[in-house]
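Structure, as structure tokens:
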Amino acid sequence: MLENIKDIYRRKGLIDNMKQLGIWIGLFILMPLYNGAQSKLDVFLKPSDTLHKPRRNAVIISEASLATITFIGLDQLWYADFPRSKFKTTNDLNEWLQMDKMGHVFSSYQLGKTGANLLKWSGVGKKDQLLYGATLGLGFLSAVEILDGYSEEWGFSWSDMAANGLGTGLFIGQEFLWNEQRITMKYSFHQTHYAALRPDKLGDGLLEEALKDYNGQTYWLSANIHSFFKKSRVPKWLNLAFGYGAEGMITGKNEEVVDNLLITPNRRRQFYLSLDVDLSRIQTNSRFLRSLFDVFNLIKVPFPTLEFNGKNGIKLHYIYF
């Protein structure tokens with residue numbers, strides 16, 4: 001029965017995307033920890049002014065347990081289906097127009113932000129928040145990358161590691177420079193027709209496609225306008241967002257033989273300019289709402305958007321997801 005289940009997963013192509021699935025699972029499991037327990041009183045959600053050892057210990061135990069469960073699951077349910085090898089590296093920098101690398105930057109940034117906020121909630125000092133919390137994403141993704149290195153199917157990717165470091169650096173650098181996150185990394189997604197052309201690789205259904213279809217993903221640098229122009233009358237929650245996406249990708253590289261057909265899609269990069277909302281800067285006295293806003297702040301709010309690409313020049317989207 002177990003072998004049949006594994007065969008089904010293999011045919012659907014889920015194994016090829018295990019890294020991203022693991023990243024998202026870890027991200028959405030850890031984030032509720034930062035929110036404490038949303039049904040609790042606001043007092044519980046308030047970050048401690050001094051070191052709160054029970055909170056800190058709970059955070060450490062929870063993170064260690066989740067990491068252990070995740071890695072055991074990856075090793076036994078995914079990597080076990082493929083031959084092991086000596087540690088090796090691979091160069092996948094030119095695949096998917098670097099959209100997979102943007103996913104690494106985003107995941108590392110968001111996991112690091114979550115790790116730092118969890119320690120802040122526990123009353124841990126700023127230095128330790130950055131040293132042990134903000135590096136959470138880098139540590140987790142590096143461990144997954146090492147597992148890749150011992151798999152015949154994949155390999156350790158230095159470009160993935162560079163992207164992981166960039167995401168962590170984006171968070172820590174702003175804390176050192178401004179003591180706040182003026183520029184936030186965000187994500188948005190819309191379904192495309194490309195997934196139907198190759199559902200085993202690009203996903204079948206909304207959830208799978210959101211994880212696997214790079215054609216519909218957009219990664220954003222969302223800059224808070226008021227934080228850069230303190231004396232302006234711009235609302236404190238209004239952001240200016242710069243996005244990157246790509247389209248026309250059925251395979252990782254420019255061309256590939258699939259089912260005896262040569263696929264040469266018209267792939268192109270896309271750059272976006274839009275407005276956004278920094279939910280974490282919306283004023284409210286409710287700790288519960290602040291926590292809720294912080295969780296959903298990783299999603300870019302739909303707005304009218306200008307798109308720049310090499311095919312159509314400038315294109316206006318009245319609402320862009």
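By order in the structure tokens, chains are A, B, ...; within a chain, residues start at 1; ligands start at 1, following the order shown.
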
Stretch 129-135 of chain A: which residues within 7 Å, counting only C-alpha atoms, same-chain residues fewer than 2 positions away excluded, as an MDAnalysis selection string?
-> chainID A and resid 112:113 115:116 119:120 124:127 137:139 168 172

So which residues touch A:Leu97 within 12 Å, counting only C-alpha atoms, skipping near sequence neighbours fewer than 6 positions away, as a list in words?
-> Gly103, Tyr214, Asn215, Tyr244, Gly245, Ala246, Glu247, Gly248, Met249, Ile250, Thr251, Gly252, Lys253, Asn254, Asn266, Arg267, Arg268, Arg269 and Gln270 of chain A

Residues just named, written with N, CA and C atoms as a PDB file, in the first residue's frame:
ATOM      1  N   GLY A 103      12.284  32.319  -4.805  1.00  0.00           N
ATOM      2  CA  GLY A 103      11.567  31.586  -3.766  1.00  0.00           C
ATOM      3  C   GLY A 103      12.442  31.324  -2.555  1.00  0.00           C
ATOM      4  N   TYR A 214       5.892  28.462 -11.561  1.00  0.00           N
ATOM      5  CA  TYR A 214       6.642  29.706 -11.495  1.00  0.00           C
ATOM      6  C   TYR A 214       6.056  30.784 -12.399  1.00  0.00           C
ATOM      7  N   ASN A 215       5.278  30.380 -13.414  1.00  0.00           N
ATOM      8  CA  ASN A 215       4.687  31.357 -14.330  1.00  0.00           C
ATOM      9  C   ASN A 215       3.694  32.278 -13.627  1.00  0.00           C
ATOM     10  N   TYR A 244       9.011  41.017  -9.386  1.00  0.00           N
ATOM     11  CA  TYR A 244       9.690  40.255 -10.438  1.00  0.00           C
ATOM     12  C   TYR A 244       8.945  38.952 -10.675  1.00  0.00           C
ATOM     13  N   GLY A 245       8.713  38.633 -11.941  1.00  0.00           N
ATOM     14  CA  GLY A 245       8.079  37.382 -12.309  1.00  0.00           C
ATOM     15  C   GLY A 245       8.618  36.919 -13.651  1.00  0.00           C
ATOM     16  N   ALA A 246       8.099  35.804 -14.143  1.00  0.00           N
ATOM     17  CA  ALA A 246       8.513  35.275 -15.444  1.00  0.00           C
ATOM     18  C   ALA A 246       7.371  34.440 -16.007  1.00  0.00           C
ATOM     19  N   GLU A 247       7.386  34.252 -17.311  1.00  0.00           N
ATOM     20  CA  GLU A 247       6.284  33.555 -17.975  1.00  0.00           C
ATOM     21  C   GLU A 247       6.812  32.771 -19.168  1.00  0.00           C
ATOM     22  N   GLY A 248       6.017  31.796 -19.617  1.00  0.00           N
ATOM     23  CA  GLY A 248       6.377  31.005 -20.777  1.00  0.00           C
ATOM     24  C   GLY A 248       7.284  29.838 -20.448  1.00  0.00           C
ATOM     25  N   MET A 249       7.281  29.394 -19.198  1.00  0.00           N
ATOM     26  CA  MET A 249       8.199  28.339 -18.756  1.00  0.00           C
ATOM     27  C   MET A 249       7.441  27.035 -18.534  1.00  0.00           C
ATOM     28  N   ILE A 250       7.767  26.041 -19.337  1.00  0.00           N
ATOM     29  CA  ILE A 250       7.215  24.704 -19.159  1.00  0.00           C
ATOM     30  C   ILE A 250       8.277  23.766 -18.586  1.00  0.00           C
ATOM     31  N   THR A 251       9.535  24.088 -18.884  1.00  0.00           N
ATOM     32  CA  THR A 251      10.666  23.334 -18.349  1.00  0.00           C
ATOM     33  C   THR A 251      11.628  24.298 -17.671  1.00  0.00           C
ATOM     34  N   GLY A 252      12.589  23.730 -16.943  1.00  0.00           N
ATOM     35  CA  GLY A 252      13.547  24.572 -16.245  1.00  0.00           C
ATOM     36  C   GLY A 252      14.459  25.332 -17.178  1.00  0.00           C
ATOM     37  N   LYS A 253      14.838  24.702 -18.287  1.00  0.00           N
ATOM     38  CA  LYS A 253      15.770  25.315 -19.217  1.00  0.00           C
ATOM     39  C   LYS A 253      15.038  25.818 -20.454  1.00  0.00           C
ATOM     40  N   ASN A 254      15.804  26.377 -21.399  1.00  0.00           N
ATOM     41  CA  ASN A 254      15.189  26.988 -22.573  1.00  0.00           C
ATOM     42  C   ASN A 254      14.480  25.979 -23.457  1.00  0.00           C
ATOM     43  N   ASN A 266       8.103  30.474 -25.250  1.00  0.00           N
ATOM     44  CA  ASN A 266       8.509  31.876 -25.375  1.00  0.00           C
ATOM     45  C   ASN A 266       8.614  32.474 -23.976  1.00  0.00           C
ATOM     46  N   ARG A 267       9.681  32.159 -23.303  1.00  0.00           N
ATOM     47  CA  ARG A 267       9.826  32.612 -21.923  1.00  0.00           C
ATOM     48  C   ARG A 267      10.342  34.041 -21.874  1.00  0.00           C
ATOM     49  N   ARG A 268       9.924  34.769 -20.860  1.00  0.00           N
ATOM     50  CA  ARG A 268      10.345  36.160 -20.707  1.00  0.00           C
ATOM     51  C   ARG A 268      10.230  36.586 -19.244  1.00  0.00           C
ATOM     52  N   ARG A 269      11.071  37.524 -18.885  1.00  0.00           N
ATOM     53  CA  ARG A 269      11.047  38.113 -17.550  1.00  0.00           C
ATOM     54  C   ARG A 269      10.002  39.219 -17.499  1.00  0.00           C
ATOM     55  N   GLN A 270       9.469  39.453 -16.313  1.00  0.00           N
ATOM     56  CA  GLN A 270       8.460  40.495 -16.126  1.00  0.00           C
ATOM     57  C   GLN A 270       8.814  41.312 -14.882  1.00  0.00           C
TER      58      GLN A 270
END

If you take only C-alpha atoms and a cut-off of 7 Å, which residues of stretch 24-123 of chain A touch stretch 152-157 of chain A, and what are their nearest atom pairs and distances in Å to one decimal, in chain and number order, as JSON lines?
{"residue": "A:Phe82", "atom": "CA", "partner": "A:Glu153", "partner_atom": "CA", "distance": 6.6}
{"residue": "A:Pro83", "atom": "CA", "partner": "A:Glu152", "partner_atom": "CA", "distance": 5.6}
{"residue": "A:Arg84", "atom": "CA", "partner": "A:Glu152", "partner_atom": "CA", "distance": 5.5}
{"residue": "A:Ser85", "atom": "CA", "partner": "A:Glu152", "partner_atom": "CA", "distance": 5.3}
{"residue": "A:Lys88", "atom": "CA", "partner": "A:Gly155", "partner_atom": "CA", "distance": 5.5}
{"residue": "A:Thr89", "atom": "CA", "partner": "A:Phe156", "partner_atom": "CA", "distance": 4.3}
{"residue": "A:Thr90", "atom": "CA", "partner": "A:Gly155", "partner_atom": "CA", "distance": 5.1}
{"residue": "A:Asn91", "atom": "CA", "partner": "A:Ser157", "partner_atom": "CA", "distance": 6.1}
{"residue": "A:Asp92", "atom": "CA", "partner": "A:Ser157", "partner_atom": "CA", "distance": 6.9}

Which one is closest to A:Leu93: A:Asp160, A:Ser122, A:Glu63, A:Ile69? Count only C-alpha atoms.
->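 Using only C-alpha atoms, the shortest distance to A:Leu93 belongs to A:Asp160.
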
Would you list the contacts of stretch 218-222 of chain A as an MDAnalysis selection string, taking every protein, DNA or RNA residue within 9 Å and counting only C-alpha atoms, but skipping same-chain residues closer than 2 positions in sequence?
-> chainID A and resid 99 102:103 106 182:190 214:216 224 239:246 270 272 275:278 300 321
